[in-house]
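Below is final_30.csv, holding CSV, C-alpha atoms and all ligand atoms.
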chain,number,residue,atom,x,y,z
A,16,MET,CA,27.3,6.4,5.7
A,17,ALA,CA,24.2,6.3,3.5
A,18,ALA,CA,24.4,4.0,0.4
A,19,GLY,CA,23.2,6.7,-1.9
A,20,THR,CA,21.0,9.8,-2.5
A,21,LEU,CA,17.4,10.3,-3.3
A,22,THR,CA,16.8,13.7,-5.0
A,23,LEU,CA,13.3,15.1,-4.7
A,24,GLY,CA,11.4,18.2,-5.7
A,25,THR,CA,9.3,20.5,-3.4
A,26,ARG,CA,7.2,18.0,-1.4
A,27,ARG,CA,4.0,20.0,-1.5
A,28,TYR,CA,4.0,19.9,-5.3
A,29,SER,CA,6.1,17.1,-6.6
A,30,SER,CA,3.8,14.1,-7.2
A,31,TRP,CA,6.5,12.0,-8.9
A,32,SER,CA,8.8,12.6,-6.0
A,33,LEU,CA,6.2,11.3,-3.6
A,34,ARG,CA,5.9,8.1,-5.6
A,35,GLY,CA,9.7,7.5,-5.7
A,36,TRP,CA,10.1,8.4,-2.1
A,37,LEU,CA,7.3,6.0,-1.0
A,38,SER,CA,8.9,3.1,-2.9
A,39,VAL,CA,12.4,3.9,-1.5
A,40,ARG,CA,11.1,4.2,2.1
A,41,LEU,CA,8.9,1.1,1.9
A,42,ALA,CA,12.0,-0.8,0.7
A,43,GLY,CA,14.0,0.6,3.5
A,44,LEU,CA,16.9,1.9,1.3
A,45,ASP,CA,19.5,3.8,3.3
A,46,VAL,CA,19.8,7.0,1.2
A,47,ALA,CA,20.3,10.6,2.1
A,48,GLU,CA,17.4,12.8,0.9
A,49,VAL,CA,18.0,16.0,-0.9
A,50,VAL,CA,15.0,18.3,-1.8
A,51,ILE,CA,15.3,20.9,-4.6
A,52,PRO,CA,12.8,23.7,-4.7
A,53,LEU,CA,11.0,23.4,-8.0
A,54,ALA,CA,10.6,26.4,-10.3
A,55,GLY,CA,7.5,25.0,-11.9
A,56,GLY,CA,9.2,23.3,-14.8
A,57,GLU,CA,12.8,23.2,-16.1
A,58,THR,CA,14.4,23.9,-12.7
A,59,PRO,CA,18.1,24.5,-13.4
A,60,ALA,CA,19.1,22.8,-10.1
A,61,VAL,CA,17.1,19.7,-11.1
A,62,LYS,CA,18.8,19.5,-14.4
A,63,ALA,CA,22.2,19.9,-12.7
A,64,ALA,CA,21.5,17.3,-10.1
A,65,THR,CA,20.1,14.7,-12.4
A,66,GLY,CA,22.2,15.1,-15.5
A,67,GLY,CA,19.4,16.6,-17.5
A,68,ALA,CA,16.6,14.3,-16.2
A,69,THR,CA,13.8,14.9,-13.6
A,70,VAL,CA,13.1,14.1,-9.9
A,71,PRO,CA,12.8,11.7,-8.2
A,72,PHE,CA,16.3,10.7,-9.0
A,73,LEU,CA,17.8,7.8,-7.1
A,74,GLU,CA,21.5,7.0,-6.8
A,75,HIS,CA,22.0,3.8,-4.9
A,76,ASP,CA,24.9,1.4,-4.9
A,77,GLY,CA,26.4,3.0,-8.0
A,78,ILE,CA,23.1,2.8,-9.9
A,79,ARG,CA,21.3,5.9,-11.2
A,80,LEU,CA,17.6,5.9,-11.8
A,81,TRP,CA,15.4,8.9,-13.0
A,82,GLU,CA,12.0,7.3,-13.7
A,83,SER,CA,9.6,6.7,-10.8
A,84,LEU,CA,8.4,3.4,-12.3
A,85,ALA,CA,12.0,2.1,-12.6
A,86,ILE,CA,12.6,3.2,-9.0
A,87,ALA,CA,9.6,1.2,-8.0
A,88,GLU,CA,10.8,-1.9,-9.8
A,89,TYR,CA,14.4,-1.5,-8.4
A,90,CYS,CA,13.0,-1.1,-4.9
A,91,ALA,CA,10.9,-4.2,-5.4
A,92,GLU,CA,13.9,-6.2,-6.4
A,93,LEU,CA,15.5,-5.4,-3.1
A,94,HIS,CA,12.2,-5.7,-1.2
A,95,PRO,CA,9.8,-8.1,-3.0
A,96,PRO,CA,6.7,-7.4,-0.9
A,97,LEU,CA,6.5,-4.1,-2.8
A,98,TRP,CA,4.5,-6.1,-5.4
A,99,PRO,CA,1.8,-8.6,-4.4
A,100,ALA,CA,3.1,-12.2,-3.9
A,101,ASP,CA,0.4,-13.8,-6.1
A,102,ARG,CA,1.3,-13.8,-9.8
A,103,ALA,CA,-2.1,-12.6,-11.1
A,104,ALA,CA,-2.3,-9.9,-8.5
A,105,ARG,CA,1.3,-8.8,-9.3
A,106,ALA,CA,0.6,-8.6,-13.0
A,107,HIS,CA,-2.5,-6.6,-12.3
A,108,ALA,CA,-0.6,-4.3,-9.9
A,109,ARG,CA,2.0,-3.7,-12.6
A,110,ALA,CA,-0.7,-2.9,-15.2
A,111,ILE,CA,-2.5,-0.3,-13.0
A,112,ALA,CA,0.9,1.2,-12.0
A,113,SER,CA,1.9,1.5,-15.6
A,114,GLU,CA,-1.5,3.0,-16.5
A,115,MET,CA,-0.9,5.7,-13.9
A,116,HIS,CA,2.7,6.3,-15.0
A,117,ALA,CA,1.6,6.7,-18.7
A,118,GLY,CA,-1.7,8.5,-18.4
A,119,PHE,CA,-4.3,10.5,-16.6
A,120,ARG,CA,-3.0,13.8,-18.1
A,121,GLY,CA,-6.5,15.4,-17.8
A,122,LEU,CA,-6.4,14.9,-14.1
A,123,ARG,CA,-2.8,15.9,-13.7
A,124,GLN,CA,-3.3,19.1,-15.6
A,125,ALA,CA,-6.6,20.3,-14.1
A,126,MET,CA,-5.7,19.3,-10.5
A,127,PRO,CA,-2.0,19.7,-10.0
A,128,MET,CA,-0.7,18.3,-6.7
A,129,SER,CA,-0.7,21.0,-4.1
A,130,LEU,CA,-1.0,19.5,-0.6
A,131,PHE,CA,-2.3,22.4,1.4
A,132,ARG,CA,-4.2,24.5,-1.2
A,133,ASP,CA,-7.8,25.5,-0.7
A,134,ALA,CA,-9.3,24.2,-4.0
A,135,ARG,CA,-12.4,22.3,-3.0
A,136,GLY,CA,-14.7,21.9,-6.0
A,137,ALA,CA,-12.2,23.2,-8.5
A,138,GLY,CA,-10.6,21.6,-11.5
A,139,ARG,CA,-13.6,19.6,-12.7
A,140,THR,CA,-12.8,19.6,-16.4
A,141,PRO,CA,-14.4,16.9,-18.5
A,142,GLU,CA,-11.0,15.4,-19.0
A,143,ALA,CA,-10.2,15.3,-15.3
A,144,LEU,CA,-13.6,13.8,-14.5
A,145,ARG,CA,-13.1,11.2,-17.1
A,146,ASP,CA,-9.8,10.2,-15.6
A,147,ILE,CA,-11.2,10.2,-12.1
A,148,ALA,CA,-14.1,7.9,-13.3
A,149,ARG,CA,-11.5,5.5,-14.8
A,150,ILE,CA,-9.4,5.6,-11.6
A,151,GLU,CA,-12.4,4.8,-9.4
A,152,THR,CA,-13.2,1.9,-11.7
A,153,LEU,CA,-9.7,0.6,-11.4
A,154,TRP,CA,-9.6,1.0,-7.7
A,155,ARG,CA,-13.0,-0.7,-7.3
A,156,ASP,CA,-12.1,-3.6,-9.6
A,157,THR,CA,-8.7,-4.1,-8.0
A,158,ARG,CA,-10.0,-4.1,-4.5
A,159,ALA,CA,-12.9,-6.4,-5.3
A,160,ARG,CA,-10.5,-8.9,-6.9
A,161,PHE,CA,-7.4,-8.6,-4.7
A,162,GLY,CA,-8.1,-6.2,-1.8
A,163,ALA,CA,-9.7,-8.5,0.8
A,164,GLY,CA,-8.1,-8.2,4.2
A,165,GLY,CA,-7.0,-4.6,4.3
A,166,PRO,CA,-7.7,-1.1,3.2
A,167,TYR,CA,-5.2,-0.8,0.3
A,168,LEU,CA,-5.5,-1.8,-3.3
A,169,PHE,CA,-4.1,-5.3,-2.6
A,170,GLY,CA,-5.3,-5.7,0.9
A,171,ALA,CA,-3.3,-5.2,4.0
A,172,SER,CA,0.0,-4.3,2.5
A,173,PHE,CA,0.8,-0.9,1.0
A,174,THR,CA,2.5,-1.8,-2.3
A,175,ASN,CA,4.1,0.0,-5.3
A,176,ALA,CA,0.6,0.3,-6.8
A,177,ASP,CA,-0.6,2.3,-3.8
A,178,ALA,CA,2.6,4.4,-4.0
A,179,MET,CA,1.8,5.2,-7.7
A,180,TYR,CA,-1.7,6.3,-6.8
A,181,ALA,CA,-0.8,8.2,-3.6
A,182,PRO,CA,-0.4,11.5,-5.4
A,183,VAL,CA,-3.9,10.9,-7.0
A,184,VAL,CA,-5.2,10.5,-3.5
A,185,ALA,CA,-3.5,13.8,-2.5
A,186,ARG,CA,-5.2,15.6,-5.5
A,187,LEU,CA,-8.6,14.1,-4.7
A,188,LEU,CA,-8.2,15.3,-1.1
A,189,THR,CA,-7.3,18.8,-2.2
A,190,TYR,CA,-9.8,19.3,-5.0
A,191,GLN,CA,-12.6,17.1,-3.5
A,192,PRO,CA,-14.4,16.0,-6.6
A,193,GLU,CA,-17.4,13.8,-5.9
A,194,LEU,CA,-16.3,10.3,-5.1
A,195,SER,CA,-17.9,7.0,-4.1
A,196,ALA,CA,-17.8,6.1,-0.5
A,197,GLU,CA,-15.4,3.3,-1.3
A,198,SER,CA,-13.0,5.6,-3.1
A,199,LEU,CA,-13.1,8.0,-0.2
A,200,ALA,CA,-12.4,5.2,2.3
A,201,TYR,CA,-9.4,4.2,0.2
A,202,CYS,CA,-8.1,7.8,0.1
A,203,GLU,CA,-8.5,8.1,3.8
A,204,ALA,CA,-6.6,4.9,4.3
A,205,VAL,CA,-3.7,6.0,2.1
A,206,ARG,CA,-3.6,9.5,3.8
A,207,ALA,CA,-3.5,7.8,7.2
A,208,HIS,CA,-0.6,5.5,6.4
A,209,PRO,CA,2.5,6.6,8.4
A,210,LEU,CA,4.6,7.4,5.2
A,211,PRO,CA,2.1,9.8,3.5
A,212,ARG,CA,1.6,11.3,7.0
A,213,GLU,CA,5.3,11.9,7.3
A,214,TRP,CA,5.4,13.3,3.7
A,215,TYR,CA,2.7,15.8,4.6
A,216,GLU,CA,4.4,16.8,7.8
A,217,LEU,CA,7.7,17.4,6.0
A,218,ALA,CA,5.9,19.3,3.2
A,219,GLY,CA,4.2,21.5,5.8
A,220,ARG,CA,7.6,22.6,7.1
A,221,GLU,CA,9.0,23.7,3.7
A,222,PRO,CA,9.9,27.4,3.6
A,223,LYS,CA,7.5,29.9,2.2
A,224,ALA,CA,10.2,31.0,-0.2
A,225,TRP,CA,9.6,27.7,-2.0
A,226,PHE,CA,5.9,28.4,-2.6
A,227,LEU,CA,4.8,28.8,-6.2
A,228,PRO,CA,1.9,31.3,-6.3
A,229,ARG,CA,0.1,29.6,-9.1
A,230,PHE,CA,-0.1,26.4,-7.1
A,231,GLU,CA,-1.1,28.1,-3.9
A,232,GLU,CA,-3.7,30.6,-4.9
A,233,PRO,CA,-7.1,29.5,-3.6
A,234,LEU,CA,-8.9,28.1,-6.7
A,235,THR,CA,-12.2,29.2,-5.5
A,236,VAL,CA,-10.8,32.7,-6.1
A,237,GLN,CA,-9.8,31.8,-9.6
A,238,ALA,CA,-13.2,30.2,-10.2
A,239,ALA,CA,-14.9,33.4,-9.1
A,240,ARG,CA,-12.7,35.4,-11.4
A,241,ALA,CA,-13.3,33.2,-14.4
A,242,ALA,CA,-17.1,33.4,-13.7
A,243,THR,CA,-16.9,37.2,-13.7
A,244,SER,CA,-14.9,37.4,-16.9
A,245,SER,CA,-16.9,34.7,-18.8
A,246,GLY,CA,-20.3,35.4,-17.3
A,247,ARG,CA,-20.7,31.6,-16.5
A,248,GLY,CA,-21.1,29.9,-13.1
A,249,SER,CA,-18.2,28.7,-11.2
A,250,ALA,CA,-17.1,25.0,-10.9
A,301,LIG,N1,8.4,10.3,-15.8
A,301,LIG,C1,9.1,10.9,-14.7
A,301,LIG,C2,8.4,12.2,-14.4
A,301,LIG,C3,9.2,13.0,-13.4
A,301,LIG,C4,8.8,14.5,-13.4
A,301,LIG,O1,8.2,15.0,-14.4
A,301,LIG,N2,9.2,15.2,-12.4
A,301,LIG,C5,9.0,16.6,-12.3
A,301,LIG,C6,8.7,17.0,-10.9
A,301,LIG,S1,7.1,16.3,-10.3
A,301,LIG,C7,10.3,17.3,-12.6
A,301,LIG,O2,11.4,16.9,-12.3
A,301,LIG,N3,10.2,18.4,-13.3
A,301,LIG,C8,11.3,19.2,-13.7
A,301,LIG,C9,11.3,20.5,-13.0
A,301,LIG,O3,10.3,20.9,-12.3
A,301,LIG,O4,12.3,21.2,-13.0
A,301,LIG,C10,9.0,9.9,-13.5
A,301,LIG,O5,8.2,9.0,-13.5
A,301,LIG,O6,9.8,10.0,-12.6

Output the file's structure as structure tokens, nothing else.
Ligand SMILES: N[C@@H](CCC(=O)N[C@@H](CS)C(=O)NCC(=O)O)C(=O)O
Amino acid sequence: MAAGTLTLGTRRYSSWSLRGWLSVRLAGLDVAEVVIPLAGGETPAVKAATGGATVPFLEHDGIRLWESLAIAEYCAELHPPLWPADRAARAHARAIASEMHAGFRGLRQAMPMSLFRDARGAGRTPEALRDIARIETLWRDTRARFGAGGPYLFGASFTNADAMYAPVVARLLTYQPELSAESLAYCEAVRAHPLPREWYELAGREPKAWFLPRFEEPLTVQAARAATSSGRGSA
């Protein structure tokens, strides 16, 4: 029997769930997965399942965790390679994971995660572009200092830091802002990892009844509509 439960939200939209799921799977925790269709905020079933908190929600060995960063740390206690072995690299990994957890609101608002949406070129608000520039700097700096020997932020091993940024990668692949060749290569490496591939496959099988129209509508259509109503060009 499984040693616990990992409660997640709709895979095609729930960026925090993706982070928690990656850490749990990378650590090899034996948990049953339960997916709750999200209502787009304040989902009653999420509140009921998590005691008023959010997803991802991990119950393991009698421990209950409702914050993705705490889940990442817990998983790393059970499976230390989730953080880099080198102390300086590990400190850096925690810093960039914390920065992701606490910030990049501009990107998150303008480019909500929606794995299969047609939204190329959309969402390029000044705030989102500023966040993307900062993220590209973080990725470049991290890879230059610690990334030798592999395609991920800390080299050959996919760590909690990559898990934290995986939903950013998903957004960048959906909305396709302009990126450096290096950032694109990193995005492709994350997308090609077996776990994100599995997540996309599972997300692709979710029932249509779970779709939220505001996250599925092609954004090119929205852009055209906004251009018509405001008289300005589209994104
Ligand atoms: N800080 C939390 C954020 C989690 C979060 O906001 N999750 C969203 C889904 S991605 C949620 O549960 N929203 C409530 C809802 O949709 O009902 C974490 O790191 O886990």

>> Using all atoms listed in the file for the distances, tell me which of A:Ala218, A:Met179, A:Leu199, A:Val39 is nearest to Ala117 (chain A).
In response: A:Met179

>> Report as a list in words all protein, DNA and RNA residues lying within 10 Å of Arg206 (chain A), evaluated on all atoms listed in the file, omitting residues in the same chain fewer than 5 positions from it.
In response: Ala181, Pro182, Val184, Ala185, Leu188, Ala200, Tyr201, Pro211, Arg212, Glu213, Trp214 and Tyr215 of chain A

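With all atoms listed in the file counted, the chains near ligand LIG 301 (chain A) contribute these residues within 8 Å: Leu23, Gly24, Tyr28, Ser29, Ser30, Trp31, Ser32, Gly35, Leu53, Ala54, Gly55, Gly56, Glu57, Thr58, Pro59, Ala60, Val61, Lys62, Ala68, Thr69, Val70, Pro71, Phe72, Trp81, Glu82, Ser83, Leu84, Ala85 and His116 of chain A.
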
> Which protein, DNA or RNA residues have an atom at most 12 Å from (18.0, -6.1, -6.1), counting all atoms listed in the file? List them as an MDAnalysis selection string.
Replying inline: chainID A and resid 42 44 75:76 78 86:95

> Pick the closest to Glu231 (chain A) from A:Arg109, A:Arg34, A:Arg132, A:Arg123: which is it, counting only C-alpha atoms?
Replying inline: A:Arg132

> With distances taken over only C-alpha atoms, which of A:Thr25, A:Thr140, A:Thr152, A:Ser172 is nearest to Ser198 (chain A)?
Replying inline: A:Thr152

>> What's the separation between CA of Phe226 (chain A) and CA of Arg135 (chain A), in Å to one decimal place?
In response: 19.3 Å

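Residues surrounding Trp225 (chain A) within 8 Å are Thr25, Pro52, Leu53, Glu221, Pro222, Lys223 and Leu227 of chain A [only C-alpha atoms; sequence separation below 2 positions excluded].
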
Let's have the selection written as a compact mmCIF listing (two decimals), in the coordinates of the input, with C-alpha atoms.
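Saved the output as part-v3.txt:
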# COMPACT_ATOMS: atom_id res chain seq x y z
CA THR A 25 9.30 20.50 -3.40
CA PRO A 52 12.80 23.70 -4.70
CA LEU A 53 11.00 23.40 -8.00
CA GLU A 221 9.00 23.70 3.70
CA PRO A 222 9.90 27.40 3.60
CA LYS A 223 7.50 29.90 2.20
CA LEU A 227 4.80 28.80 -6.20

>> Please list as a VMD selection string every residue within 9 Å of Met115 (chain A), counting all atoms listed in the file and excluding residues in the same chain fewer than 4 positions away.
In response: chain A and resid 110 to 111 119 150 179 to 180
